[in-house]
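Taking it in order: structure first as structure tokens, then the write-up.
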Amino acid sequence: MIGRIALTTSAPATVSDVRQRNRSQALRSVILTGETTRAAIARESGLSVASVTNLVSELISEGLVMEAGSVASSGGRPVTLLAPNPVGAYFLGADVGERGVAVELFDLSMTRIDREFRGGREGEPIEAIAADLDEALNALRARNPAAWDRMVGIGLGLPGIVESDAEGRQVLYAQSLGWSPIPVADLVSHDMPVFAENGAKTQAMAELWDGAARGVNEALVVLLGRGVGLAIVSNGELARGLNSSAGEWGHVKIVRNGRLCRCGGHGCVEAYLGADAILELWREAGGVFDGSGWGAVGQLLELRDPVAVGVVDELIETLGSALGGLVNLTNPERVIIGGWVGLRLMESLASRVEEATCAEALVRPGGQFSLHACSFGGDTVALGAAIMPLEALLAAPRGSQPPMP
């Protein structure tokens, strides 16, 4: 790719292709802005107002866009406002972890309208996670039957590598959790399209859609939880590598023959920055605490006794070193930190994390990035997962949605 111009040998776009691309752009604009006008879409897209008027008429007839009142204009005639029709389509996004699943239901305005959690047990096998997912979907469907009539599909943010074959079939490889490779389709028994990606990448999808990475060409989106993940944004798009495993930063070795990691290796980033590793380091240093989740990590960060302070100091230095290496490698404009451990750190220690990262990076790239927290808190992975079926809707041909009930 040279600049923004892609060199390709594929066939030129047909009139239908161009019209579909324009339709997608118009619908995306309406959803992102919440309220807009035909003239604003025309300015943004470079299309004529007449062309936009035709596209919007089609989207209204499909039940995806609605007229939402009007505002006064300088020319006298009121200007009609356009908005996404919330009941025009629905999407599911699931944050799938080794201790359970959080499934969220979104309408076409990307407003979360319901949420269901299942699980919470230590070290669940993949079969139990699949059962948790189905139970959560059953509960959501029972409470929201009308949404299922216009359900586009479900996106899964998964704890591992998600690969797609030539036929589009996806397989999850979760080595760190000891799960055997499993076809993604086997995780959902409900009859609907299923989309999947690694959870760090779905987190980045949410940030690219309308969060801290929106409009940013080069970014690192870091996930710190029980596991450690990374999504690399390059030229405004996710870097995937040969088969989508790009960004497995959690299993980069930072200490030769270091601490044992869940993946079976030694010295991985996750063995020092994952939640269980952090709390184990605290326990080894003499810390006494209850639990192994949000509350325990919060207690560590809030205590001022010498043991806790020493563990936190080491944590920040290790994170700074790991991030500083990434800054040198990728030269990002932004480093965005999410995941429940990452959000805990950013609440009170963001400036120290940024200072530690700059100290470990080369001076030039270290002075070119800014540090941000993820925009959507604990919902980021599920929201990003729901964006996958939304993108499928945006790419769908005209009239492919089921009629409004």
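Identifiers for the structure tokens are assigned positionally: chains receive A, B, ... in sequence, residues are indexed from 1 per chain, and ligands are indexed from 1 in the order shown.
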
Check the DSSP output for the backbone and give back, as number ranges by chain, the residues of stretch 326-376 of chain A in helix (DSSP H, G or I).
A: 326-330, 340-360, 363-366

Take the residues just selected and output them with N, CA and C atoms as a PDB file, in the first residue's frame.
ATOM      1  N   LEU A 326       7.713  -2.230  22.920  1.00  0.00           N
ATOM      2  CA  LEU A 326       6.696  -2.143  21.873  1.00  0.00           C
ATOM      3  C   LEU A 326       6.718  -0.778  21.196  1.00  0.00           C
ATOM      4  N   VAL A 327       6.914   0.264  21.975  1.00  0.00           N
ATOM      5  CA  VAL A 327       6.985   1.617  21.400  1.00  0.00           C
ATOM      6  C   VAL A 327       8.149   1.703  20.423  1.00  0.00           C
ATOM      7  N   ASN A 328       9.299   1.135  20.796  1.00  0.00           N
ATOM      8  CA  ASN A 328      10.443   1.125  19.882  1.00  0.00           C
ATOM      9  C   ASN A 328      10.149   0.339  18.609  1.00  0.00           C
ATOM     10  N   LEU A 329       9.421  -0.768  18.751  1.00  0.00           N
ATOM     11  CA  LEU A 329       9.136  -1.632  17.610  1.00  0.00           C
ATOM     12  C   LEU A 329       8.125  -1.033  16.647  1.00  0.00           C
ATOM     13  N   THR A 330       7.117  -0.343  17.174  1.00  0.00           N
ATOM     14  CA  THR A 330       5.974   0.043  16.333  1.00  0.00           C
ATOM     15  C   THR A 330       5.787   1.542  16.162  1.00  0.00           C
ATOM     16  N   TRP A 340      -9.423  -5.396  32.794  1.00  0.00           N
ATOM     17  CA  TRP A 340      -9.783  -4.953  34.148  1.00  0.00           C
ATOM     18  C   TRP A 340      -8.555  -4.622  35.003  1.00  0.00           C
ATOM     19  N   VAL A 341      -7.452  -5.296  34.800  1.00  0.00           N
ATOM     20  CA  VAL A 341      -6.231  -4.923  35.522  1.00  0.00           C
ATOM     21  C   VAL A 341      -5.697  -3.604  34.964  1.00  0.00           C
ATOM     22  N   GLY A 342      -5.695  -3.475  33.637  1.00  0.00           N
ATOM     23  CA  GLY A 342      -5.221  -2.245  33.019  1.00  0.00           C
ATOM     24  C   GLY A 342      -6.018  -1.034  33.443  1.00  0.00           C
ATOM     25  N   LEU A 343      -7.329  -1.189  33.533  1.00  0.00           N
ATOM     26  CA  LEU A 343      -8.175  -0.066  33.955  1.00  0.00           C
ATOM     27  C   LEU A 343      -7.906   0.309  35.404  1.00  0.00           C
ATOM     28  N   ARG A 344      -7.665  -0.704  36.250  1.00  0.00           N
ATOM     29  CA  ARG A 344      -7.294  -0.423  37.640  1.00  0.00           C
ATOM     30  C   ARG A 344      -6.005   0.395  37.704  1.00  0.00           C
ATOM     31  N   LEU A 345      -5.032   0.027  36.904  1.00  0.00           N
ATOM     32  CA  LEU A 345      -3.766   0.761  36.883  1.00  0.00           C
ATOM     33  C   LEU A 345      -3.961   2.190  36.391  1.00  0.00           C
ATOM     34  N   MET A 346      -4.776   2.348  35.353  1.00  0.00           N
ATOM     35  CA  MET A 346      -4.956   3.669  34.761  1.00  0.00           C
ATOM     36  C   MET A 346      -5.731   4.611  35.666  1.00  0.00           C
ATOM     37  N   GLU A 347      -6.520   4.074  36.581  1.00  0.00           N
ATOM     38  CA  GLU A 347      -7.291   4.926  37.498  1.00  0.00           C
ATOM     39  C   GLU A 347      -6.389   5.823  38.329  1.00  0.00           C
ATOM     40  N   SER A 348      -5.268   5.285  38.781  1.00  0.00           N
ATOM     41  CA  SER A 348      -4.450   6.056  39.723  1.00  0.00           C
ATOM     42  C   SER A 348      -2.969   6.133  39.366  1.00  0.00           C
ATOM     43  N   LEU A 349      -2.545   5.314  38.395  1.00  0.00           N
ATOM     44  CA  LEU A 349      -1.106   5.233  38.136  1.00  0.00           C
ATOM     45  C   LEU A 349      -0.739   5.514  36.691  1.00  0.00           C
ATOM     46  N   ALA A 350      -1.637   6.138  35.941  1.00  0.00           N
ATOM     47  CA  ALA A 350      -1.397   6.354  34.512  1.00  0.00           C
ATOM     48  C   ALA A 350      -0.114   7.144  34.261  1.00  0.00           C
ATOM     49  N   SER A 351       0.094   8.191  35.049  1.00  0.00           N
ATOM     50  CA  SER A 351       1.278   9.027  34.811  1.00  0.00           C
ATOM     51  C   SER A 351       2.560   8.250  35.070  1.00  0.00           C
ATOM     52  N   ARG A 352       2.554   7.391  36.074  1.00  0.00           N
ATOM     53  CA  ARG A 352       3.746   6.594  36.366  1.00  0.00           C
ATOM     54  C   ARG A 352       3.994   5.554  35.273  1.00  0.00           C
ATOM     55  N   VAL A 353       2.912   4.951  34.755  1.00  0.00           N
ATOM     56  CA  VAL A 353       3.062   3.985  33.665  1.00  0.00           C
ATOM     57  C   VAL A 353       3.651   4.670  32.435  1.00  0.00           C
ATOM     58  N   GLU A 354       3.159   5.875  32.127  1.00  0.00           N
ATOM     59  CA  GLU A 354       3.674   6.602  30.969  1.00  0.00           C
ATOM     60  C   GLU A 354       5.144   6.970  31.168  1.00  0.00           C
ATOM     61  N   GLU A 355       5.491   7.422  32.364  1.00  0.00           N
ATOM     62  CA  GLU A 355       6.885   7.780  32.644  1.00  0.00           C
ATOM     63  C   GLU A 355       7.799   6.564  32.522  1.00  0.00           C
ATOM     64  N   ALA A 356       7.342   5.419  33.037  1.00  0.00           N
ATOM     65  CA  ALA A 356       8.155   4.201  32.977  1.00  0.00           C
ATOM     66  C   ALA A 356       8.331   3.734  31.540  1.00  0.00           C
ATOM     67  N   THR A 357       7.279   3.882  30.733  1.00  0.00           N
ATOM     68  CA  THR A 357       7.360   3.480  29.330  1.00  0.00           C
ATOM     69  C   THR A 357       8.330   4.371  28.573  1.00  0.00           C
ATOM     70  N   CYS A 358       8.231   5.664  28.788  1.00  0.00           N
ATOM     71  CA  CYS A 358       9.150   6.607  28.126  1.00  0.00           C
ATOM     72  C   CYS A 358      10.597   6.346  28.538  1.00  0.00           C
ATOM     73  N   ALA A 359      10.798   6.003  29.802  1.00  0.00           N
ATOM     74  CA  ALA A 359      12.152   5.757  30.296  1.00  0.00           C
ATOM     75  C   ALA A 359      12.789   4.539  29.639  1.00  0.00           C
ATOM     76  N   GLU A 360      11.952   3.560  29.230  1.00  0.00           N
ATOM     77  CA  GLU A 360      12.471   2.329  28.639  1.00  0.00           C
ATOM     78  C   GLU A 360      12.499   2.376  27.117  1.00  0.00           C
ATOM     79  N   VAL A 363      14.491   7.775  23.066  1.00  0.00           N
ATOM     80  CA  VAL A 363      13.991   9.121  23.338  1.00  0.00           C
ATOM     81  C   VAL A 363      13.026   9.595  22.256  1.00  0.00           C
ATOM     82  N   ARG A 364      13.363   9.370  20.976  1.00  0.00           N
ATOM     83  CA  ARG A 364      12.523   9.901  19.904  1.00  0.00           C
ATOM     84  C   ARG A 364      11.143   9.242  19.870  1.00  0.00           C
ATOM     85  N   PRO A 365      11.003   7.913  19.705  1.00  0.00           N
ATOM     86  CA  PRO A 365       9.658   7.330  19.719  1.00  0.00           C
ATOM     87  C   PRO A 365       8.990   7.462  21.072  1.00  0.00           C
ATOM     88  N   GLY A 366       9.790   7.487  22.153  1.00  0.00           N
ATOM     89  CA  GLY A 366       9.213   7.637  23.479  1.00  0.00           C
ATOM     90  C   GLY A 366       8.566   8.983  23.699  1.00  0.00           C
TER      91      GLY A 366
END

Set the distance at 10 Å and use only C-alpha atoms: which residues neighbour A:Met110 once local chain neighbours fewer than 4 positions away are removed? I'd like the list as a PyMOL selection string.
chain A and resi 31-32+34+84+86+89-91+105-106+383+386-387+390

Quick one: everything within 7 Å of A:Asp132, counting only C-alpha atoms, minus sequence neighbours fewer than 6 positions away in the same chain. Send it as a count of residues only.
4

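Taking atom CA of A:Gly384 and atom CA of A:Ala146 as the two end points, the separation is 23.1 Å.
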
Do you have the atom CA of A:Leu108-atom CA of A:Glu58 distance handy?
16.3 Å

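What separates atom CA of A:Ile41 from atom CA of A:Leu64 is a distance of 15.6 Å.
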
What residues in stretch 53-243 of chain A get the DSSP label strand (DSSP E)? Please answer as a PyMOL selection string.
chain A and resi 65-71+79-84+90-97+100-107+112-119+151-158+161-164+170-173+182-183+194-198+219-224+228-234+237-238
